[in-house]
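The file input17.pdb contains PDB, C-alpha atoms:
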ATOM      1  CA  MET R 395       7.477   3.805 -22.892
ATOM      2  CA  ASN R 396       7.842   0.096 -23.686
ATOM      3  CA  ASP R 397       9.889  -1.649 -26.367
ATOM      4  CA  LEU R 398       6.998  -1.623 -28.854
ATOM      5  CA  ASP R 399       7.122   2.180 -28.809
ATOM      6  CA  LEU R 400      10.744   2.161 -30.004
ATOM      7  CA  LEU R 401      11.547   2.392 -33.704
ATOM      8  CA  ASN R 402      14.521   0.006 -33.541
ATOM      9  CA  THR R 403      12.207  -2.736 -32.281
ATOM     10  CA  TYR R 404      10.843  -2.996 -35.838
ATOM     11  CA  ASP R 405      14.219  -3.502 -37.486
ATOM     12  CA  TYR R 406      15.294  -6.740 -39.143
ATOM     13  CA  PHE R 407      18.033  -7.834 -41.536
ATOM     14  CA  LEU R 408      17.039  -8.572 -45.139
ATOM     15  CA  PRO R 409      19.590 -10.017 -47.589
ATOM     16  CA  LYS R 410      19.749  -7.828 -50.701
ATOM     17  CA  GLU R 411      19.022 -10.754 -52.999
ATOM     18  CA  LEU R 412      15.523 -11.045 -51.499
ATOM     19  CA  ILE R 413      14.520  -7.560 -52.705
ATOM     20  CA  ALA R 414      12.452  -8.240 -55.823
ATOM     21  CA  THR R 415      13.406  -6.105 -58.829
ATOM     22  CA  LYS R 416      10.715  -7.594 -61.071
ATOM     23  CA  PRO R 417       7.508  -9.551 -60.419
ATOM     24  CA  THR R 418       7.046 -13.309 -60.554
ATOM     25  CA  LEU R 419       5.314 -14.289 -63.797
ATOM     26  CA  PRO R 420       2.840 -15.774 -64.271
ATOM     27  CA  LYS R 421       1.433 -13.967 -61.242
ATOM     28  CA  GLU R 422      -0.166 -17.119 -59.825
ATOM     29  CA  GLU R 423       3.326 -18.578 -59.312
ATOM     30  CA  ALA R 424       4.314 -16.009 -56.669
ATOM     31  CA  LYS R 425       4.672 -17.383 -53.161
ATOM     32  CA  LEU R 426       1.845 -16.871 -50.665
ATOM     33  CA  LEU R 427       2.447 -17.168 -46.926
ATOM     34  CA  VAL R 428      -0.838 -17.691 -45.086
ATOM     35  CA  TYR R 429      -1.196 -17.084 -41.363
ATOM     36  CA  ASP R 430      -4.332 -18.586 -39.838
ATOM     37  CA  ARG R 431      -4.805 -16.717 -36.550
ATOM     38  CA  LYS R 432      -7.533 -18.987 -35.191
ATOM     39  CA  ASN R 433      -5.324 -22.082 -35.364
ATOM     40  CA  ASP R 434      -1.984 -20.238 -35.102
ATOM     41  CA  LYS R 435      -0.799 -22.025 -38.245
ATOM     42  CA  ILE R 436       1.466 -20.876 -41.083
ATOM     43  CA  TYR R 437       1.028 -22.296 -44.597
ATOM     44  CA  HIS R 438       3.291 -21.892 -47.614
ATOM     45  CA  LEU R 439       1.322 -21.833 -50.857
ATOM     46  CA  LYS R 440       1.327 -20.289 -54.323
ATOM     47  CA  PHE R 441      -0.707 -17.157 -55.027
ATOM     48  CA  GLY R 442      -2.844 -19.240 -57.376
ATOM     49  CA  ASN R 443      -4.120 -21.084 -54.284
ATOM     50  CA  LEU R 444      -5.773 -17.956 -52.894
ATOM     51  CA  PRO R 445      -9.369 -18.824 -53.929
ATOM     52  CA  GLU R 446      -9.072 -22.200 -52.147
ATOM     53  CA  ILE R 447      -7.818 -20.794 -48.839
ATOM     54  CA  LEU R 448      -9.823 -17.545 -48.628
ATOM     55  CA  PRO R 449     -12.745 -17.633 -46.150
ATOM     56  CA  PRO R 450     -16.172 -16.227 -47.091
ATOM     57  CA  CYS R 451     -15.759 -12.438 -47.236
ATOM     58  CA  LYS R 452     -16.173  -9.339 -49.318
ATOM     59  CA  ILE R 453     -12.946  -8.344 -51.134
ATOM     60  CA  ILE R 454     -11.976  -4.673 -51.386
ATOM     61  CA  PHE R 455      -9.363  -3.365 -53.842
ATOM     62  CA  ASN R 456      -7.767   0.053 -54.337
ATOM     63  CA  ASP R 457      -8.406   1.062 -57.970
ATOM     64  CA  THR R 458      -5.991   4.002 -58.019
ATOM     65  CA  LYS R 459      -3.835   4.279 -61.149
ATOM     66  CA  VAL R 460      -0.139   5.117 -61.049
ATOM     67  CA  ILE R 461       0.898   8.182 -63.019
ATOM     68  CA  LYS R 462       4.278   8.471 -64.741
ATOM     69  CA  ALA R 463       5.342  10.700 -61.901
ATOM     70  CA  ARG R 464       9.111  10.959 -62.479
ATOM     71  CA  ILE R 465      10.415  13.456 -65.044
ATOM     72  CA  TYR R 466      13.904  14.634 -65.940
ATOM     73  CA  GLY R 467      14.865  18.131 -66.958
ATOM     74  CA  HIS R 468      17.202  21.014 -66.239
ATOM     75  CA  LYS R 469      17.301  24.442 -64.672
ATOM     76  CA  GLU R 470      17.657  27.564 -66.789
ATOM     77  CA  SER R 471      21.279  27.583 -65.629
ATOM     78  CA  GLY R 472      21.743  24.153 -67.219
ATOM     79  CA  GLY R 473      22.000  22.012 -64.075
ATOM     80  CA  LYS R 474      20.206  18.661 -64.372
ATOM     81  CA  ILE R 475      17.282  17.901 -62.088
ATOM     82  CA  GLU R 476      14.896  15.014 -61.421
ATOM     83  CA  LEU R 477      11.355  15.773 -60.270
ATOM     84  CA  LEU R 478       8.944  13.329 -58.631
ATOM     85  CA  ILE R 479       5.307  14.348 -58.319
ATOM     86  CA  ASN R 480       3.997  13.759 -54.812
ATOM     87  CA  ARG R 481       0.421  14.996 -55.109
ATOM     88  CA  PRO R 482      -1.761  17.719 -56.636
ATOM     89  CA  LEU R 483      -2.814  20.575 -54.343
ATOM     90  CA  ASP R 484      -5.419  23.326 -54.608
ATOM     91  CA  ASP R 485      -5.005  26.279 -56.989
ATOM     92  CA  ASN R 486      -3.143  24.209 -59.637
ATOM     93  CA  LYS R 487      -0.181  23.705 -57.306
ATOM     94  CA  PHE R 488       1.707  20.439 -56.862
ATOM     95  CA  SER R 489       3.738  18.972 -54.043
ATOM     96  CA  VAL R 490       6.925  17.472 -55.538
ATOM     97  CA  PHE R 491      10.355  16.176 -54.587
ATOM     98  CA  ILE R 492      13.313  17.489 -56.574
ATOM     99  CA  LYS R 493      16.802  16.002 -56.890
ATOM    100  CA  GLY R 494      19.070  18.958 -57.447
ATOM    101  CA  SER R 495      19.307  22.254 -55.597
ATOM    102  CA  VAL R 496      16.579  24.797 -56.288
ATOM    103  CA  LYS R 497      15.498  28.132 -54.859
ATOM    104  CA  ILE R 498      12.160  29.900 -54.816
ATOM    105  CA  ASP R 499      11.346  31.053 -58.362
ATOM    106  CA  THR R 500      13.765  28.596 -60.004
ATOM    107  CA  LYS R 501      12.477  27.640 -63.448
ATOM    108  CA  LEU R 502      12.652  23.927 -64.325
ATOM    109  CA  ILE R 503      12.503  22.985 -68.014
ATOM    110  CA  PHE R 504      11.242  19.633 -69.366
ATOM    111  CA  GLU R 505      10.247  18.063 -72.681
ATOM    112  CA  ASN R 506       7.048  18.942 -74.578
ATOM    113  CA  GLU R 507       7.385  22.644 -73.751
ATOM    114  CA  LEU R 508       6.602  21.835 -70.118
ATOM    115  CA  PHE R 509       8.214  23.897 -67.395
ATOM    116  CA  ALA R 510       7.675  24.401 -63.667
ATOM    117  CA  ARG R 511       8.349  27.251 -61.302
ATOM    118  CA  VAL R 512       9.296  26.657 -57.662
ATOM    119  CA  LEU R 513       6.967  28.507 -55.271
ATOM    120  CA  GLU R 514       7.890  27.133 -51.832
ATOM    121  CA  LEU R 515      10.595  25.039 -50.129
ATOM    122  CA  LEU R 516       9.095  23.009 -47.265
ATOM    123  CA  ASP R 517      10.856  21.628 -44.198
ATOM    124  CA  ASP R 518       9.985  18.003 -45.040
ATOM    125  CA  GLY R 519      12.086  18.223 -48.227
ATOM    126  CA  SER R 520       9.142  18.658 -50.565
ATOM    127  CA  ARG R 521       8.719  21.632 -52.898
ATOM    128  CA  ILE R 522       5.577  23.400 -54.110
ATOM    129  CA  VAL R 523       5.508  24.155 -57.837
ATOM    130  CA  LYS R 524       3.184  25.192 -60.625
ATOM    131  CA  PHE R 525       3.468  23.729 -64.112
ATOM    132  CA  TYR R 526       3.176  25.718 -67.344
ATOM    133  CA  LYS R 527       3.084  25.129 -71.069
ATOM    134  CA  LYS R 528       4.281  28.307 -72.762
ATOM    135  CA  SER R 529       2.588  30.916 -70.535
ATOM    136  CA  GLU R 530      -0.477  28.841 -69.623
ATOM    137  CA  ILE R 531      -0.840  27.449 -66.078
ATOM    138  CA  LEU R 532      -1.685  23.743 -66.233
ATOM    139  CA  ASN R 533      -4.256  21.976 -64.080
ATOM    140  CA  THR R 534      -3.984  18.414 -62.765
ATOM    141  CA  ASP R 535      -5.533  16.790 -65.837
ATOM    142  CA  ASN R 536      -3.233  18.786 -68.141
ATOM    143  CA  VAL R 537      -0.153  17.744 -66.184
ATOM    144  CA  PHE R 538      -1.158  14.059 -66.004
ATOM    145  CA  GLU R 539      -1.725  14.059 -69.774
ATOM    146  CA  ILE R 540       1.777  15.390 -70.427
ATOM    147  CA  LEU R 541       3.310  12.997 -67.893
ATOM    148  CA  GLU R 542       1.874  10.075 -69.856
ATOM    149  CA  LYS R 543       4.028  11.226 -72.797
ATOM    150  CA  ILE R 544       7.287  12.236 -71.110
ATOM    151  CA  GLY R 545       7.197  10.722 -67.623
ATOM    152  CA  HIS R 546       8.734   7.570 -66.169
ATOM    153  CA  THR R 547       7.198   4.880 -63.968
ATOM    154  CA  PRO R 548       8.074   5.923 -60.394
ATOM    155  CA  LEU R 549       9.736   2.722 -59.206
ATOM    156  CA  PRO R 550      10.436   2.657 -55.461
ATOM    157  CA  PRO R 551      13.915   3.754 -54.303
ATOM    158  CA  TYR R 552      14.891   0.204 -53.279
ATOM    159  CA  ILE R 553      14.560  -1.086 -56.871
ATOM    160  CA  LYS R 554      18.047  -0.174 -58.044
ATOM    161  CA  ARG R 555      17.498   0.048 -61.788
ATOM    162  CA  ASP R 556      15.945   2.377 -64.326
ATOM    163  CA  ASP R 557      12.312   1.838 -65.255
ATOM    164  CA  ASN R 558      11.511   0.242 -68.602
ATOM    165  CA  LYS R 559       8.468  -0.470 -70.780
ATOM    166  CA  ASN R 560       7.649  -3.629 -68.811
ATOM    167  CA  ASP R 561       7.202  -1.589 -65.649
ATOM    168  CA  GLU R 562       4.339   0.324 -67.289
ATOM    169  CA  ILE R 563       2.425  -2.980 -67.106
ATOM    170  CA  TRP R 564       4.058  -4.609 -64.082
ATOM    171  CA  TYR R 565       3.668  -1.592 -61.767
ATOM    172  CA  GLN R 566      -0.067  -1.182 -62.422
ATOM    173  CA  SER R 567      -2.957  -3.339 -61.210
ATOM    174  CA  VAL R 568      -5.152  -4.922 -63.897
ATOM    175  CA  PHE R 569      -8.130  -2.918 -62.541
ATOM    176  CA  ALA R 570      -6.313   0.440 -62.175
ATOM    177  CA  LYS R 571      -8.814   3.145 -63.058
ATOM    178  CA  ASN R 572      -8.438   6.517 -61.317
ATOM    179  CA  LEU R 573      -5.213   8.398 -62.098
ATOM    180  CA  GLY R 574      -3.408   9.942 -59.151
ATOM    181  CA  ALA R 575      -1.025   7.551 -57.382
ATOM    182  CA  VAL R 576       2.762   7.850 -57.481
ATOM    183  CA  ALA R 577       3.234   4.361 -56.030
ATOM    184  CA  ALA R 578       1.302   1.184 -56.752
ATOM    185  CA  PRO R 579      -0.993  -0.557 -54.256
ATOM    186  CA  THR R 580       1.414  -3.457 -54.446
ATOM    187  CA  ALA R 581      -0.707  -6.281 -53.021
ATOM    188  CA  SER R 582      -3.019  -5.683 -55.996
ATOM    189  CA  LEU R 583      -0.191  -6.355 -58.447
ATOM    190  CA  HIS R 584      -0.530 -10.088 -57.725
ATOM    191  CA  PHE R 585      -3.969 -10.303 -59.348
ATOM    192  CA  SER R 586      -4.389 -11.309 -62.978
ATOM    193  CA  ASP R 587      -7.637 -10.965 -64.913
ATOM    194  CA  ASP R 588      -8.084 -14.738 -64.629
ATOM    195  CA  MET R 589      -7.679 -14.624 -60.841
ATOM    196  CA  ILE R 590     -10.301 -11.871 -60.584
ATOM    197  CA  LYS R 591     -12.737 -13.952 -62.660
ATOM    198  CA  THR R 592     -12.124 -17.000 -60.474
ATOM    199  CA  LEU R 593     -12.650 -15.052 -57.248
ATOM    200  CA  LYS R 594     -15.889 -13.522 -58.532
ATOM    201  CA  LYS R 595     -17.413 -17.015 -58.656
ATOM    202  CA  THR R 596     -17.275 -17.246 -54.859
ATOM    203  CA  HIS R 597     -16.663 -13.711 -53.543
ATOM    204  CA  GLU R 598     -18.086 -10.252 -54.204
ATOM    205  CA  ILE R 599     -15.507  -7.622 -55.133
ATOM    206  CA  PHE R 600     -15.680  -3.909 -54.294
ATOM    207  CA  TYR R 601     -13.399  -0.930 -54.863
ATOM    208  CA  LEU R 602     -12.272   2.283 -53.249
ATOM    209  CA  THR R 603      -9.683   4.824 -54.363
ATOM    210  CA  LEU R 604      -6.727   5.986 -52.294
ATOM    211  CA  HIS R 605      -4.077   7.915 -54.204
ATOM    212  CA  ILE R 606      -0.740   6.786 -52.793
ATOM    213  CA  GLY R 607       1.797   9.581 -52.408
ATOM    214  CA  ALA R 608       5.581   9.519 -52.239
ATOM    215  CA  GLY R 609       5.212   9.797 -48.466
ATOM    216  CA  THR R 610       4.574   6.060 -48.392
ATOM    217  CA  PHE R 611       8.371   5.612 -48.791
ATOM    218  CA  LYS R 612       9.235   8.150 -46.102
ATOM    219  CA  GLY R 613      10.853   6.338 -43.215
ATOM    220  CA  VAL R 614       9.956   6.777 -39.563
ATOM    221  CA  GLU R 615      12.630   9.025 -38.077
ATOM    222  CA  SER R 616      11.412   9.511 -34.492
ATOM    223  CA  GLU R 617      12.780   7.181 -31.827
ATOM    224  CA  ASN R 618       9.276   6.864 -30.378
ATOM    225  CA  ILE R 619       6.981   5.645 -33.177
ATOM    226  CA  HIS R 620       4.068   7.632 -31.732
ATOM    227  CA  ASP R 621       5.961  10.864 -32.446
ATOM    228  CA  HIS R 622       5.948  10.038 -36.163
ATOM    229  CA  LYS R 623       3.957  12.451 -38.326
ATOM    230  CA  MET R 624       2.037  10.180 -40.687
ATOM    231  CA  HIS R 625       1.821  11.256 -44.329
ATOM    232  CA  SER R 626      -1.602  12.170 -45.682
ATOM    233  CA  GLU R 627      -3.327  10.650 -48.719
ATOM    234  CA  TRP R 628      -6.739  11.376 -50.238
ATOM    235  CA  PHE R 629      -9.332   8.590 -50.507
ATOM    236  CA  ASN R 630     -12.833   8.171 -51.886
ATOM    237  CA  ILE R 631     -15.212   5.345 -50.992
ATOM    238  CA  PRO R 632     -18.151   4.689 -53.361
ATOM    239  CA  LYS R 633     -21.555   4.208 -51.738
ATOM    240  CA  ASN R 634     -21.804   0.515 -52.616
ATOM    241  CA  THR R 635     -18.466  -0.116 -50.883
ATOM    242  CA  ALA R 636     -19.600   1.962 -47.881
ATOM    243  CA  LEU R 637     -22.666  -0.288 -47.560
ATOM    244  CA  VAL R 638     -20.310  -3.243 -47.145
ATOM    245  CA  LEU R 639     -18.307  -1.362 -44.530
ATOM    246  CA  ASP R 640     -21.520  -0.507 -42.681
ATOM    247  CA  SER R 641     -22.605  -4.157 -42.706
ATOM    248  CA  LYS R 642     -21.383  -6.998 -40.521
ATOM    249  CA  ASP R 643     -19.875  -8.883 -43.485
ATOM    250  CA  GLN R 644     -16.339 -10.176 -43.185
ATOM    251  CA  ILE R 645     -13.902  -8.037 -45.186
ATOM    252  CA  LEU R 646     -10.587  -8.758 -46.890
ATOM    253  CA  GLY R 647      -8.614  -5.598 -47.517
ATOM    254  CA  VAL R 648      -6.159  -6.057 -50.384
ATOM    255  CA  GLY R 649      -3.179  -3.999 -49.286
ATOM    256  CA  THR R 650      -2.319  -1.534 -46.573
ATOM    257  CA  THR R 651      -3.884   1.388 -48.459
ATOM    258  CA  VAL R 652      -7.297  -0.278 -48.512
ATOM    259  CA  THR R 653      -6.826  -1.091 -44.840
ATOM    260  CA  ARG R 654      -6.110   2.507 -43.888
ATOM    261  CA  ALA R 655      -9.114   3.808 -45.854
ATOM    262  CA  VAL R 656     -11.438   1.156 -44.390
ATOM    263  CA  GLU R 657     -10.259   1.865 -40.872
ATOM    264  CA  ASP R 658     -10.450   5.629 -41.343
ATOM    265  CA  TYR R 659     -14.060   5.241 -42.523
ATOM    266  CA  ALA R 660     -14.852   3.006 -39.552
ATOM    267  CA  ARG R 661     -13.692   5.800 -37.234
ATOM    268  CA  ASN R 662     -15.012   8.887 -39.057
ATOM    269  CA  HIS R 663     -17.695   7.730 -41.540
ATOM    270  CA  ASN R 664     -16.471  10.120 -44.227
ATOM    271  CA  LEU R 665     -16.729   8.842 -47.803
ATOM    272  CA  SER R 666     -13.961  11.147 -48.989
ATOM    273  CA  LYS R 667     -11.185  12.798 -47.006
ATOM    274  CA  GLU R 668      -7.467  13.034 -46.337
ATOM    275  CA  CYS R 669      -6.249   9.970 -44.470
ATOM    276  CA  ASN R 670      -3.288  10.102 -42.100
ATOM    277  CA  LEU R 671      -4.307   7.114 -39.980
ATOM    278  CA  PHE R 672      -1.363   5.305 -38.355
ATOM    279  CA  LEU R 673      -2.250   1.721 -37.476
ATOM    280  CA  ASN R 674       0.101   0.036 -35.008
ATOM    281  CA  TYR R 675       0.091  -2.196 -31.941
ATOM    282  CA  ALA R 676      -1.613   0.567 -29.932
ATOM    283  CA  ASN R 677      -4.154   1.445 -32.667
ATOM    284  CA  LYS R 678      -5.599  -1.818 -33.950
ATOM    285  CA  PRO R 679      -8.133  -2.367 -36.753
ATOM    286  CA  ILE R 680     -11.769  -2.145 -35.664
ATOM    287  CA  ARG R 681     -13.507  -3.133 -38.942
ATOM    288  CA  GLN R 682     -11.316  -5.041 -41.397
ATOM    289  CA  ASN R 683     -11.108  -8.776 -40.726
ATOM    290  CA  TYR R 684      -8.492 -10.120 -43.123
ATOM    291  CA  LEU R 685      -5.387  -8.639 -44.728
ATOM    292  CA  LEU R 686      -3.522  -9.452 -47.938
ATOM    293  CA  THR R 687      -0.225  -7.613 -48.198
ATOM    294  CA  ASN R 688       3.396  -7.843 -49.303
ATOM    295  CA  PHE R 689       6.474  -8.009 -47.062
ATOM    296  CA  HIS R 690       7.502  -4.541 -45.928
ATOM    297  CA  LEU R 691      10.598  -2.528 -45.107
ATOM    298  CA  PRO R 692      12.178  -2.626 -41.650
ATOM    299  CA  LYS R 693      11.139   0.219 -39.341
ATOM    300  CA  SER R 694       8.294   1.236 -41.682
ATOM    301  CA  THR R 695       4.733   2.207 -40.783
ATOM    302  CA  LEU R 696       3.651  -0.698 -43.005
ATOM    303  CA  ILE R 697       5.285  -3.415 -40.909
ATOM    304  CA  MET R 698       3.798  -1.661 -37.873
ATOM    305  CA  LEU R 699       0.374  -1.975 -39.533
ATOM    306  CA  VAL R 700       0.911  -5.735 -39.826
ATOM    307  CA  THR R 701       1.647  -5.913 -36.088
ATOM    308  CA  ALA R 702      -1.740  -4.257 -35.493
ATOM    309  CA  PHE R 703      -3.356  -7.380 -36.990
ATOM    310  CA  ILE R 704      -1.231 -10.206 -35.602
ATOM    311  CA  GLY R 705       0.991  -8.762 -32.881
ATOM    312  CA  TYR R 706       4.660  -7.858 -32.883
ATOM    313  CA  GLU R 707       6.141 -11.252 -31.966
ATOM    314  CA  LYS R 708       4.168 -13.167 -34.602
ATOM    315  CA  THR R 709       5.018 -10.562 -37.248
ATOM    316  CA  MET R 710       8.739 -10.878 -36.615
ATOM    317  CA  GLU R 711       8.494 -14.675 -36.471
ATOM    318  CA  ILE R 712       6.734 -14.756 -39.850
ATOM    319  CA  TYR R 713       9.264 -12.367 -41.415
ATOM    320  CA  LYS R 714      12.133 -14.546 -40.128
ATOM    321  CA  ILE R 715      10.511 -17.644 -41.644
ATOM    322  CA  ALA R 716       9.856 -15.824 -44.936
ATOM    323  CA  ILE R 717      13.525 -14.832 -45.165
ATOM    324  CA  GLU R 718      14.685 -18.376 -44.380
ATOM    325  CA  LYS R 719      12.386 -19.756 -47.097
ATOM    326  CA  GLY R 720      13.534 -17.245 -49.707
ATOM    327  CA  TYR R 721      10.383 -15.197 -50.099
ATOM    328  CA  LYS R 722      10.834 -12.066 -52.205
ATOM    329  CA  PHE R 723      10.203  -8.758 -50.433
ATOM    330  CA  TYR R 724       8.733  -5.330 -51.174
ATOM    331  CA  SER R 725       6.758  -4.024 -54.158
ATOM    332  CA  TYR R 726       7.454  -6.763 -56.697
ATOM    333  CA  GLY R 727       7.753  -9.422 -54.008
ATOM    334  CA  ASP R 728       5.621 -12.279 -52.693
ATOM    335  CA  ALA R 729       2.397 -12.027 -50.689
ATOM    336  CA  MET R 730       1.184 -12.669 -47.161
ATOM    337  CA  LEU R 731      -2.421 -13.407 -46.204
ATOM    338  CA  VAL R 732      -3.715 -12.968 -42.651
ATOM    339  CA  ILE R 733      -7.014 -14.795 -42.031
TER
END

Step by step, read the file and then write its structure as structure tokens.
Amino acid sequence: MNDLDLLNTYDYFLPKELIATKPTLPKEEAKLLVYDRKNDKIYHLKFGNLPEILPPCKIIFNDTKVIKARIYGHKESGGKIELLINRPLDDNKFSVFIKGSVKIDTKLIFENELFARVLELLDDGSRIVKFYKKSEILNTDNVFEILEKIGHTPLPPYIKRDDNKNDEIWYQSVFAKNLGAVAAPTASLHFSDDMIKTLKKTHEIFYLTLHIGAGTFKGVESENIHDHKMHSEWFNIPKNTALVLDSKDQILGVGTTVTRAVEDYARNHNLSKECNLFLNYANKPIRQNYLLTNFHLPKSTLIMLVTAFIGYEKTMEIYKIAIEKGYKFYSYGDAMLVI
């Protein structure tokens, strides 16, 4: 086992003031760090400069749409609880995370006559529930419809404030289409409608859907990163996007979720499946050429994914420079482009 296998190798210190709690507006004013691998050069630009610096390539976005996945309620006994949807399962069941102690068969009561019953308590901290309105079992579409009325934007745990109306716009890409994510594909948040129009003049744009689950925030707990059990997320790749992946065209993946879906397809050639692909220094990309992403948490699978593209030493060098230059980090933070 070498140092790159060890979780602590991927740690770094981030001053709290560099954790973005809201996005830069207008979006084009966010900072963009560009790493040119061919020339081993780092450039510091604005996000509005992206069309000028981007090489010829096909651009792929994740068009998942964030649901209002966090709801507040109480147990029949009166104790308050907070429930975060993780993902829908078969048979009208849902994987959720619950703040507050519950047992099997605990009834959880919410607004709009919505209630849930706890069916299973899993070892990873998640719970399996079914949702009801009066005595009727609700399916995924029913639940999502009610969440739109009573739910809250599921801001990441490192944004230490309550969600507000602005987050309903800020924490959603302008092309969000397919409901199902409980976290945003954050690299996509940088794109305005005007930026998309500008890019379409010189680049073709394609989409896939990967519904991001709460597992994206689950830290790596094993000392050896290869012992980490990667969370699983469902993706679907339309046929026109698959044709691009099957071609020899250069590809820019916007965000780590696109990257994982692209690389899963490159290995398995399935248009739709559960993805638990863990990209790291020992499992490098084989199809995607360029990466646009945000700056990620220490010791996370996401920073390990970045090392798969540019190596560990360069990743840590770039993160050190970004901190020194005051880049904002995480979901509402600045962007990094690897070309």

Quick one: which residues end up in the PyMOL selection byres ((chain R and resi 404-408) around 6) for this structure, as a PyMOL selection string?
chain R and resi 401-403+409+692-693

Please identify all polymer residues within 7 Å of range 512-521 of chain R, counting all atoms listed in the file, omitting same-chain residues fewer than 3 positions from it, and present them as number ranges by chain.
R: 489-491, 497-501, 524

For the structure provided, state which residues fall under the PyMOL selection byres ((chain R and resi 583-598) around 10), and present them as number ranges by chain.
R: 417-424, 441-446, 448-454, 563-570, 578-582, 599-600, 649, 687-688, 725-729

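Going from CA of Gly545 in chain R over to CA of Arg464 in chain R, you cover 5.5 Å.
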
To verify the selection step, state as a count of residues only which residues the PyMOL selection byres ((chain R and resi 531) around 12) yields on this input.
22

Counting all atoms listed in the file, what is within 9 Å of range 428-431 of chain R, bar same-chain residues fewer than 4 positions away, as a VMD selection string?
chain R and resid 435 to 439 447 704 712 729 to 733
